[in-house]
Amino acid sequence: MGRLARLAAAHGVATSYAPGPGRVVEVPEDSVVAVLAALGVDASTPEAVRQALETHELQAAARLLPPTVVLRSGQDEAPHDTGPGLPGLPALPPGTVLRVETEDGAQYDAGPGLPVSVPAAVPPGVHTLRAEAPDGRSARAPLIVAPRRLPRPRGRTHGLMVQLYSMLSGRSWGMGDLADLADLAAWAGRTTGAGFVQLNPLHAAVPAAEGEGTDPSPYRPSSRRFADPVHLRVEDVPEYAYLTGAERDRMERLTERAARLREGVLHKGAHIDRDAVWALKLDALELLRTVPLSPGRRADYCAYLADGGQELEDHALWCTLAELHGPNWRSWPAGLDDPRSARTARARTQHLERVDFHCWLSWLVDGQLARAQEAARGAGMSVGLVHDLAVGVHPSGSDAWAQQDALAAGMSVGAPPDAFNAAGQCWGLPPWRPDALARTGYRPYRELLRGLLAHAGALRVDHVMGHFRQWWVPEGRPPAEGTYVRYDAQAMLGVLTLEAHRAGAAVIGEDLGTVEDGVREELADRGVLGTSVLWFERDYTGDGKPLAPGRWRASCLATATTHDLPSTAARLAGDHVALQHRLGLLEGSPRAARAAAAAERAEWLALFARLGLLAPGHAEEEAAIRAVYRFLATTPAWLVGVWLPDGVGDRRPQNVPGTSLEYPNWRLPIADGTGRPVALEELLASPRLHTLLTGLRTALEEGGVRE
């Protein structure tokens with residue numbers, strides 16, 4: 001192995017990868033050098049490589065403790081005859097004394113002759129580990145103790161999966177909001193016995209630049225740490241009731257405009273216009289800002305500010321500066337691109353009132369999120385809200401500005417070429433730097449998870465395989481010239497499960513597509529659920545036929561579709577093939593694609609008929625959709641998710657990967673089979689939806705996994 005390969009391996013950077021059995025692809029040397037540079041390692045010349053490798057080896061030899069130590073509760077400590085130590089630590093000099101100081105102030109010692117099993121004694125949490133060697137060296141490092149395993153959800157249950165913006169009610173302002181969410185959860189829990197509602201990411205979006213629209217994708221946010229105030233129900237802000245005089249008149253005019261916006265979407269064929277919705281809500285919220293908070297509300301707000309700390313203040317300052325200078329912080333006046341510069345500090349003071357306004361907005365959203373989760377649990381839901389964590393953040397947004405030290409500049413997360421995308425993919429999202437995470441005790445990830453889980457019963461993690469490795473694409477290079485960067489999976493998963501444990505929440509990993517060997521097994525061992533989509537579950541090691549329900553994994557959310565896939569009605573009718581052809585996404589002839597889709601559909605319908613879930617020869621759409629979900633109930637899956645638009649036969653996907661302006665991604669309201677938008681009130685009164693959900697509930701209660 002050459003020096004560059006050794007240096008790359010030392011920093012977790014792959015110099016080759018295997019896209020399939022028997023195939024090895026070498027990564028271009030320039031790409032390896034660029035990725036190392038993003039990790040702060042100069043490999044631009046042979047001499048630089050030599051020096052970097054020598055420095056790394058000297059630092060590793062001199063280090064007493066790694067930057068962060070992550071253990072699982074109950075993990076056995078190192079054998080005593082090898083000297084003092086803990087699992088995952090390098091060999092320590094004989095006579096080294098280890099001391100753990102817990103976050104609660106307790107202390108535990110482990111050293112020569114001390115029969116203390118530190119991992120068994122120390123509870124899950126973020127602690128401090130100290131080491132003192134006989135030669136006088138000492139060190140300290142964060143010690144993260146994760147639970148051995150997350151408990152499984154309490155009993156098998158079903159739930160709804162919905163894109164919140166698409167679920168308009170007769171009271172929302174042109175897109176679904178948090179009050180609509182609370183209504184849906186209360187109805188689903190009490191009426192159908194549902195155990196959860198899974199949402200799209202509610203992360204804060206990057207605001208529109210002048211003359212442009214906001215990127216509507218919830219998976220390319222400005223910040224994953226804070227939710228977007230566009231989801232607020234204005235009338236549910238307590239100060240709304242105290243508007244008087246001219247302010248009340250102005251608010252009434254805004255609500256009239258909101259009604260016209262809503263009517264356009266529900267009755268006139270308009271797409272959801274996030275920017276128009278936010279323009280109205282922003283005006284309304286600025287009116288509400290003029291109403292003083294009551295003493296109790298003021299105390300609650302001050303507590304929120306104290307809890308949010310630097311992270312909240314940074315986000316609010318970014319929002320303020322984006323209003324003044326545009327949403328791309330790299331184009332801001334000199335000095336403002338650095339959140340810790342003297343000029344930024346002056347701007348923070350100069351615009352203190354507006355910074356506080358944006359903190360206040362975050363507080364309002366937090367409160368309405370809390371009430372939505374309370375509504376879900378109050379309705380008997382065993383899980384409640386399932387929030388969604390996007391893979392990354394927009395490079396121009398709040399998190400990328402505030403967390404520059406933790407993100408890899410000049411890099412984007414993506415995917416290598418595969419059978420589905422010969423060119424590979426570049427998602428335009430800067431990745432975490434694994435070295436920076438370790439150096440900070442994984443605090444950026446811990447704080448992110450803690451915020452998301454504050455009002456959640458579970459968290460869906462998009463592309464959960466990224467906890468093991470991610471495909472980094474250097475800026476200016478095609479996706480095929482990227483490479484894998486390895487993360488400390490034990491640490492990443494330890495942090496994920498620790499924060500879920502603290503919140504009493506479950507974790508659902510989106511593990512669809514190409515997955516490394518051992519990844520699903522490791523996730524299952526930690527109690528992280530997977531995701532199984534009906535149409536992809538086949539006997540790939542056998543005859544390739546649809547997988548019998550008894551062979552499905554139990555540790556998963558089982559569903560028929562996702563936001564990136566055709567609805568069940570569309571797949572049953574073959575509409576997805578026609579859509580792909582119309583958008584120019586179809587590879588091969590339309591005739592062959594239609595034949596393949598028909599064969600796939602026939603195989604599944606035949607299986608449903610054999611299991612007694614569908615009358616032979618009867619493939620009427622509504623009955624077939626019911627059979628799809630009753631089939632999922634016959635698997636051992638702990639959670640069964642119903643795509644809410646399936647309840648009324650919606651045939652339109654919410655997102656078509658590979659398109660932008662060609663399709664109205666993330667802008668469609670839920671509609672019936674004819675494309676007519678359906679308001680939340682009509683949706684929840686639908687006999688078709690009620691029949692689907694009650695039938696699924698009955699199937700789950702009857703139990704019995706089919707072979």
# chains A, B, ... in the order shown; residues from 1 in each chain; ligands from 1
$ select_by_dssp --residues "segment 502-649 of chain A" --states "strand (DSSP E or B)" --output "PyMOL selection string"
chain A and resi 506-509+529-533+538+546+556-559+639-643
$ write_last_selection --atoms "N, CA and C atoms" --output "CSV table (one decimal), in the first residue's frame"
chain,number,residue,atom,x,y,z
A,506,ALA,N,-38.6,5.8,19.6
A,506,ALA,CA,-38.1,4.8,18.7
A,506,ALA,C,-37.4,5.4,17.6
A,507,VAL,N,-36.6,4.7,16.9
A,507,VAL,CA,-35.9,5.1,15.7
A,507,VAL,C,-36.2,4.2,14.5
A,508,ILE,N,-36.6,4.8,13.4
A,508,ILE,CA,-36.8,4.1,12.1
A,508,ILE,C,-35.8,4.5,11.1
A,509,GLY,N,-35.0,3.6,10.7
A,509,GLY,CA,-34.0,3.9,9.7
A,509,GLY,C,-34.5,3.7,8.3
A,529,LEU,N,-35.3,0.3,13.9
A,529,LEU,CA,-36.1,-0.4,13.0
A,529,LEU,C,-35.7,0.0,11.6
A,530,GLY,N,-36.0,-0.9,10.6
A,530,GLY,CA,-35.7,-0.6,9.2
A,530,GLY,C,-37.0,-0.2,8.5
A,531,THR,N,-36.9,-0.1,7.2
A,531,THR,CA,-38.1,0.3,6.4
A,531,THR,C,-38.2,-0.8,5.3
A,532,SER,N,-39.4,-1.4,5.2
A,532,SER,CA,-39.6,-2.4,4.1
A,532,SER,C,-40.8,-1.9,3.3
A,533,VAL,N,-40.6,-1.7,2.0
A,533,VAL,CA,-41.6,-1.3,1.0
A,533,VAL,C,-42.1,-2.5,0.2
A,538,ARG,N,-38.7,-9.0,-2.2
A,538,ARG,CA,-38.8,-10.2,-3.0
A,538,ARG,C,-37.7,-11.2,-2.5
A,546,PRO,N,-42.4,-12.4,-5.1
A,546,PRO,CA,-42.7,-11.6,-4.0
A,546,PRO,C,-42.5,-12.4,-2.7
A,556,CYS,N,-39.2,-3.6,11.7
A,556,CYS,CA,-39.3,-2.6,10.6
A,556,CYS,C,-40.7,-1.9,10.6
A,557,LEU,N,-40.7,-0.8,9.8
A,557,LEU,CA,-41.9,-0.1,9.4
A,557,LEU,C,-42.2,-0.7,8.0
A,558,ALA,N,-43.3,-1.4,7.9
A,558,ALA,CA,-43.7,-1.9,6.6
A,558,ALA,C,-44.7,-1.0,6.0
A,559,THR,N,-44.6,-0.7,4.7
A,559,THR,CA,-45.5,0.2,4.0
A,559,THR,C,-45.5,-0.2,2.5
A,639,LEU,N,-44.5,-2.1,12.9
A,639,LEU,CA,-45.2,-0.9,12.5
A,639,LEU,C,-45.7,-1.1,11.0
A,640,VAL,N,-46.9,-0.7,10.8
A,640,VAL,CA,-47.4,-0.7,9.4
A,640,VAL,C,-47.9,0.7,9.1
A,641,GLY,N,-47.3,1.3,8.1
A,641,GLY,CA,-47.6,2.7,7.7
A,641,GLY,C,-48.5,2.8,6.5
A,642,VAL,N,-49.6,3.6,6.6
A,642,VAL,CA,-50.5,3.8,5.5
A,642,VAL,C,-50.2,5.2,4.9
A,643,TRP,N,-49.9,5.2,3.6
A,643,TRP,CA,-49.7,6.5,2.9
A,643,TRP,C,-51.1,7.1,2.8
$ residues_around --residues "Gly451 of chain A" --least-positions-apart "2" --cutoff "10 Å" --atoms "only C-alpha atoms" --output "PDB file with C-alpha atoms, in the first residue's frame"
ATOM      1  CA  ARG A 224     -32.281  20.692  10.697  1.00  0.00           C
ATOM      2  CA  ARG A 225     -32.086  22.021  14.251  1.00  0.00           C
ATOM      3  CA  PHE A 226     -35.145  24.270  14.058  1.00  0.00           C
ATOM      4  CA  ALA A 227     -38.581  23.837  12.513  1.00  0.00           C
ATOM      5  CA  GLY A 308     -31.727  27.166  23.016  1.00  0.00           C
ATOM      6  CA  ASP A 366     -41.949  24.601  19.353  1.00  0.00           C
ATOM      7  CA  ARG A 446     -26.405  15.268  19.850  1.00  0.00           C
ATOM      8  CA  GLU A 447     -27.978  18.732  19.923  1.00  0.00           C
ATOM      9  CA  LEU A 448     -29.666  18.161  16.580  1.00  0.00           C
ATOM     10  CA  LEU A 449     -31.227  14.908  17.734  1.00  0.00           C
ATOM     11  CA  LEU A 453     -36.923  14.337  19.592  1.00  0.00           C
ATOM     12  CA  ALA A 454     -38.313  16.926  22.007  1.00  0.00           C
ATOM     13  CA  HIS A 455     -41.850  16.446  20.663  1.00  0.00           C
ATOM     14  CA  ALA A 456     -41.658  13.065  18.967  1.00  0.00           C
ATOM     15  CA  GLU A 499     -30.758  10.589  22.470  1.00  0.00           C
TER      16      GLU A 499
END
$ residues_around --residues "Pro124 of chain A" --least-positions-apart "5" --cutoff "7 Å" --atoms "only C-alpha atoms" --output "ChimeraX atom specification"
/A:73,145-147,498
$ atom_distance --atom1 "atom CA of Trp472 of chain A" --atom2 "atom CA of Val413 of chain A"
5.0 Å
$ atom_distance --atom1 "atom CA of Ser294 of chain A" --atom2 "atom CA of Pro238 of chain A"
9.7 Å
